[in-house]
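*Asks:* Dropping the structure in here first, questions after.
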Amino acid sequence: MDDPKPRASARFGLLKGLLPIRRETAWRDVFAGLSLASMDIPQVLGYARIAGMPTVTGLYTAFLPLVAFSVFGASRHLVVAADSATATIFASRVSTMAPMGSAEYVTLAGTLALLTAALLLLARIFKLGFLADFLSRTVLLGFLAGVGVQVSIAMLGDMTGMTVPYPSSRSLAQFVYVAGHLPQIHTPTIALTALVVVAILGLKRVLPRVPIPLIAVVASIVASRSFDFAAHGITVLGPVAGGLPSLRFPIVTWQQFLDLLPVAASCFVMIVAQSAAATRVFAERYHETVDTNADILGLAAANAVSAFSGSFVVNGSPTQTAMADRAGARSQLAQLAFAAVVVVVLLFLSAWLQYLPHCVLAGIVFTIALGLVDIRGLRGVCAESPGEFTLALVTAAAVVLIGVEHGILLAVALSLLRHVRHSYHPHTMVLEPAEPNGRWLPVPAKPGIMTAPGLMVYRFGADLFFANDHFFALEVTRLIDAAPDAIRWFIVDAGAITDLDYSASRTLGELIETLHARDIAIVFARVSRYLREDMDRHGLTRIIGEPRIFSTMHEALAAAGVNAALHESSLM
């Protein structure tokens, strides 16, 4: 007999990532959640440091937001908590509006999370999950690499014991300052930092399941309390508020609200892109369906409760989701177990966090930032597509030099521009005889070639629209003018053309009338139903002549008096 709970939850679209709960897998998920907590708690503390928020708010992001997503989201795998990318995006802007860690800064961060939740809710209402597809993987690689470099530079001050007088948004100025003040490095601080970084990076491959960051945090806290690190010049966090978060509504001025809107938009884009990418990867791995719009609702709920609990923007983290998967998590029950561990830390262990050295936390964040620079992925892009690799580098440089907020917008713009560029100037081909058998082969279109005496078969590799219609008309005219013999039949292979807008129809109509005046018959082959409907609607069918529009190339060649069987291999 089926459990009635899954049916009730399905009716309201809730608990999709949690139900059904099976006894044989429930304990596995619980233990996976405990393992995830041991690895992830140091990370969320580090993300709070990146965000410029009080350390305890990092723990807040792994409590109520996790619960909210498990109720409203659909993914069984996505881990929603603090994330380095979104933390960097809002810190780079909010740090110019209020001092980091101040009460005003916390209020601004909460308002930003609420604005982000509102944008996500609108995206769910209007089913805008497809927006995740507008950030290409290549540009996302570049963006995350840039974030990794920026965060690494931002941690240099804490890692060396220096006080850097520049905000995290000014990465270049920070790096120049640290490089110019190397004699001010505090030796005990840099030594402790080096020990933590080397331990994490060195043991990562040897002991991948051992929570080295957590061990580093616990060991440094014990050592700091025992040997009084603060008295030796190693700065520590100081008193950390314990207990569960208190709920409150963040209130800001109208001008601050307007200043935060573009930052919320940047966070929104990154959240949708990263969360959707992580969800798809693990859903495909376990042959599960993806409900992007339901996940967006879950992310909206998670950011809303994060705002009300005095925390900051949360995101579906690919890194933390991968960590949960390696720990054995197969449903949101693991994330709820993680949240339960966080509650225990908040209630009983937060007092110990005051002894945690800043440099240890900065060292952990530094290793996280290095992980954002996917060298293998970038190398693969460079080998397969140098043009896309250049776009990735431009995006990374923009993040470091002009800031994360502008970098994410540039990443979206570059992704769209690359697609538009391919549509604006697509690949075009002409069938040309190949020696010695005389069969036709497609070659890049260039003046001076033709298919057969009096015949040219031309292929245009994209839809026809206002930006590329003149390119189409100009190239067709040049090919005809440069042909070694007079062209009598010009066949357009329209297999790649599925759409024709008003502007292109007018340009195409003028071209056809010009060719008719030169006694050149233009024929359209492989015309799809969608293209034919556009031709009928714009009046092109009448101009071309209905007998010269065909659904196959064989019919078009037969109309031109060519025996298609002689060239079968090149027409498939």
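Simple scheme: letters A, B, ... for chains in structure tokens order, numbers from 1 for residues in each chain, numbers from 1 for ligands in the order shown.
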List every residue of segment 425-462 of chain A that has an atom at most 6 Å from any atom of segment 492-514 of chain A, giving for each one its closest atom pair and the distance in Å to one decimal, counting only C-alpha atoms, sorted by chain and then by ascending residue number, as a Markdown table.

*Replies:*
```
| residue | atom | partner | partner_atom | distance |
| --- | --- | --- | --- | --- |
| A:Tyr458 | CA | A:Val492 | CA | 5.0 |
| A:Arg459 | CA | A:Asp493 | CA | 4.6 |
| A:Gly461 | CA | A:Ala496 | CA | 5.3 |
| A:Ala462 | CA | A:Ala496 | CA | 5.5 |
```

*Asks:* Excluding same-chain residues fewer than 2 positions from Asn315 of chain A, what lies within 7 Å of it counting only C-alpha atoms, as a VMD selection string?

*Replies:* chain A and resid 80 to 83 271 275 313 317

*Asks:* For a quick check of understanding, using only C-alpha atoms, which of A:Val71, A:Ala452, A:Ala351, A:Ala87 has the smallest distance to Leu15 of chain A?

*Replies:*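 Looking at the shortest contact to Leu15 of chain A, the residue is A:Val71.
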
*Asks:* Fewer than 5 positions away in the same chain doesn't count, so skip those; otherwise give me all residues within 8 Å of Pro318 of chain A, counting only C-alpha atoms, as JSON, numbers by chain.

*Replies:* {"A": [78, 79, 274, 275, 277, 278]}

*Asks:* Store the residues of this selection in a file with N, CA and C atoms, as an mmCIF file, in the first residue's frame.

*Replies:*
```cif
data_model
loop_
_atom_site.group_PDB
_atom_site.id
_atom_site.type_symbol
_atom_site.label_atom_id
_atom_site.label_comp_id
_atom_site.auth_asym_id
_atom_site.auth_seq_id
_atom_site.Cartn_x
_atom_site.Cartn_y
_atom_site.Cartn_z
ATOM 1 N N LEU A 78 20.569 18.863 -4.072
ATOM 2 C CA LEU A 78 21.116 20.214 -3.967
ATOM 3 C C LEU A 78 21.257 20.642 -2.511
ATOM 4 N N VAL A 79 22.443 21.149 -2.157
ATOM 5 C CA VAL A 79 22.708 21.700 -0.830
ATOM 6 C C VAL A 79 22.626 23.222 -0.924
ATOM 7 N N GLN A 274 24.024 28.541 -11.178
ATOM 8 C CA GLN A 274 24.782 27.525 -10.437
ATOM 9 C C GLN A 274 23.877 26.414 -9.915
ATOM 10 N N SER A 275 22.729 26.797 -9.375
ATOM 11 C CA SER A 275 21.832 25.794 -8.807
ATOM 12 C C SER A 275 21.310 24.862 -9.886
ATOM 13 N N ALA A 277 22.708 24.166 -12.742
ATOM 14 C CA ALA A 277 23.802 23.317 -13.229
ATOM 15 C C ALA A 277 24.048 22.149 -12.275
ATOM 16 N N ALA A 278 24.107 22.435 -10.964
ATOM 17 C CA ALA A 278 24.342 21.373 -9.985
ATOM 18 C C ALA A 278 23.197 20.368 -9.972
#
```

*Asks:* Write out as a ChimeraX atom specification which residues come within 10 Å of segment 234-246 of chain A when counting only C-alpha atoms, dropping same-chain ones fewer than 2 positions away.

*Replies:* /A:54-57,59-60,63-64,158,160-161,186-190,192,221,224,228-232,248,306,308-311,342-361

*Asks:* If I take atom CA of Gly46 of chain A and atom CA of Phe338 of chain A, how far is one from the other in Å, to one decimal?

*Replies:* 16.9 Å

*Asks:* Suppose you want the space between atom CA of Ser423 of chain A and atom CA of Gly539 of chain A; what is it in Å?

*Replies:*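 Going from atom CA of Ser423 of chain A over to atom CA of Gly539 of chain A covers 23.8 Å.
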
*Asks:* Please indicate the distance in Å from atom CA of Val314 of chain A to atom CA of Met159 of chain A, rounded to one decimal place.

*Replies:*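 Atom CA of Val314 of chain A sits 25.5 Å away from atom CA of Met159 of chain A.
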
*Asks:* I need the residues of segment 295-441 of chain A that end up classed as strand (DSSP E or B) by DSSP on the backbone, written out as a ChimeraX atom specification.

*Replies:* /A:315-316,357,428-433,440-441

*Asks:* Mind checking DSSP for segment 224-335 of chain A and telling me the helix (DSSP H, G or I) residues as a PyMOL selection string?

*Replies:* chain A and resi 224-227+229-232+254-285+292-308+318-327+332-335

*Asks:* Pick the closest to Gln174 of chain A from A:Ile375, A:Leu144, A:Leu401, A:Leu45: which is it, counting only C-alpha atoms?

*Replies:*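 Checking each candidate against Gln174 of chain A, we get A:Leu401 as the closest.
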
*Asks:* Quick one: everything within 9 Å of Ala145 of chain A, counting only C-alpha atoms, minus sequence neighbours fewer than 5 positions away in the same chain. Send it as a ChimeraX atom specification.

*Replies:* /A:140,150,369-375,392-393,395-396,399

*Asks:* Name the closest residue to Pro42 of chain A among the candidates A:Leu297, A:Leu410, A:Thr253, A:Val217; distances are taken between atoms, counting only C-alpha atoms.

*Replies:*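 Using only C-alpha atoms, the shortest distance to Pro42 of chain A belongs to A:Val217.
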
*Asks:* When you look at Val210 of chain A with a cut-off of 12 Å (counting only C-alpha atoms), what residues show up, excluding the ones that are within fewer than 2 positions of it in the same chain? I need them as JSON, numbers by chain.

*Replies:* {"A": [35, 36, 38, 39, 40, 199, 200, 203, 204, 205, 206, 207, 208, 212, 213, 214, 215, 216, 323, 326, 327]}

*Asks:* Keeping only C-alpha atoms, write those residues as a PDB file, in the first residue's frame.

*Replies:*
```pdb
ATOM      1  CA  SER A  35      29.629  13.582   7.529  1.00  0.00           C
ATOM      2  CA  LEU A  36      28.642  16.591   5.434  1.00  0.00           C
ATOM      3  CA  SER A  38      31.925  17.850   9.596  1.00  0.00           C
ATOM      4  CA  MET A  39      33.213  19.018   6.208  1.00  0.00           C
ATOM      5  CA  ASP A  40      30.871  21.932   5.580  1.00  0.00           C
ATOM      6  CA  ALA A 199      47.595  20.375   5.458  1.00  0.00           C
ATOM      7  CA  ILE A 200      44.317  20.906   3.584  1.00  0.00           C
ATOM      8  CA  LEU A 203      45.970  15.692   2.457  1.00  0.00           C
ATOM      9  CA  LYS A 204      43.050  16.356   0.127  1.00  0.00           C
ATOM     10  CA  ARG A 205      44.076  13.635  -2.321  1.00  0.00           C
ATOM     11  CA  VAL A 206      45.484  11.220   0.246  1.00  0.00           C
ATOM     12  CA  LEU A 207      42.551  11.378   2.683  1.00  0.00           C
ATOM     13  CA  PRO A 208      39.588  12.741   0.678  1.00  0.00           C
ATOM     14  CA  ILE A 212      40.781  18.221   7.357  1.00  0.00           C
ATOM     15  CA  PRO A 213      39.275  21.765   7.561  1.00  0.00           C
ATOM     16  CA  LEU A 214      37.209  20.742  10.604  1.00  0.00           C
ATOM     17  CA  ILE A 215      40.267  19.172  12.235  1.00  0.00           C
ATOM     18  CA  ALA A 216      42.200  22.388  11.548  1.00  0.00           C
ATOM     19  CA  MET A 323      30.556  16.904  -1.076  1.00  0.00           C
ATOM     20  CA  ARG A 326      30.519  11.810  -1.952  1.00  0.00           C
ATOM     21  CA  ALA A 327      29.299  11.425   1.645  1.00  0.00           C
TER      22      ALA A 327
END
```

*Asks:* Kindly indicate which residue among A:Ile402, A:Arg209, A:Ile491, A:Leu416 lies nearest to Leu431 of chain A, using only C-alpha atoms for the distances.

*Replies:*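 With only C-alpha atoms as the atom set, the closest residue is A:Ile491.
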
*Asks:* Calculated over only C-alpha atoms, which of the candidates A:Thr86, A:His427, A:Val365, A:Ser226 has the smallest distance to Ala264 of chain A?

*Replies:* A:Thr86

*Asks:* For Val30 of chain A, which residue among A:Ala304, A:Gln255, A:Phe90, A:Ala324 is the nearest when counting only C-alpha atoms?

*Replies:*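 Looking at the shortest contact to Val30 of chain A, the residue is A:Ala324.
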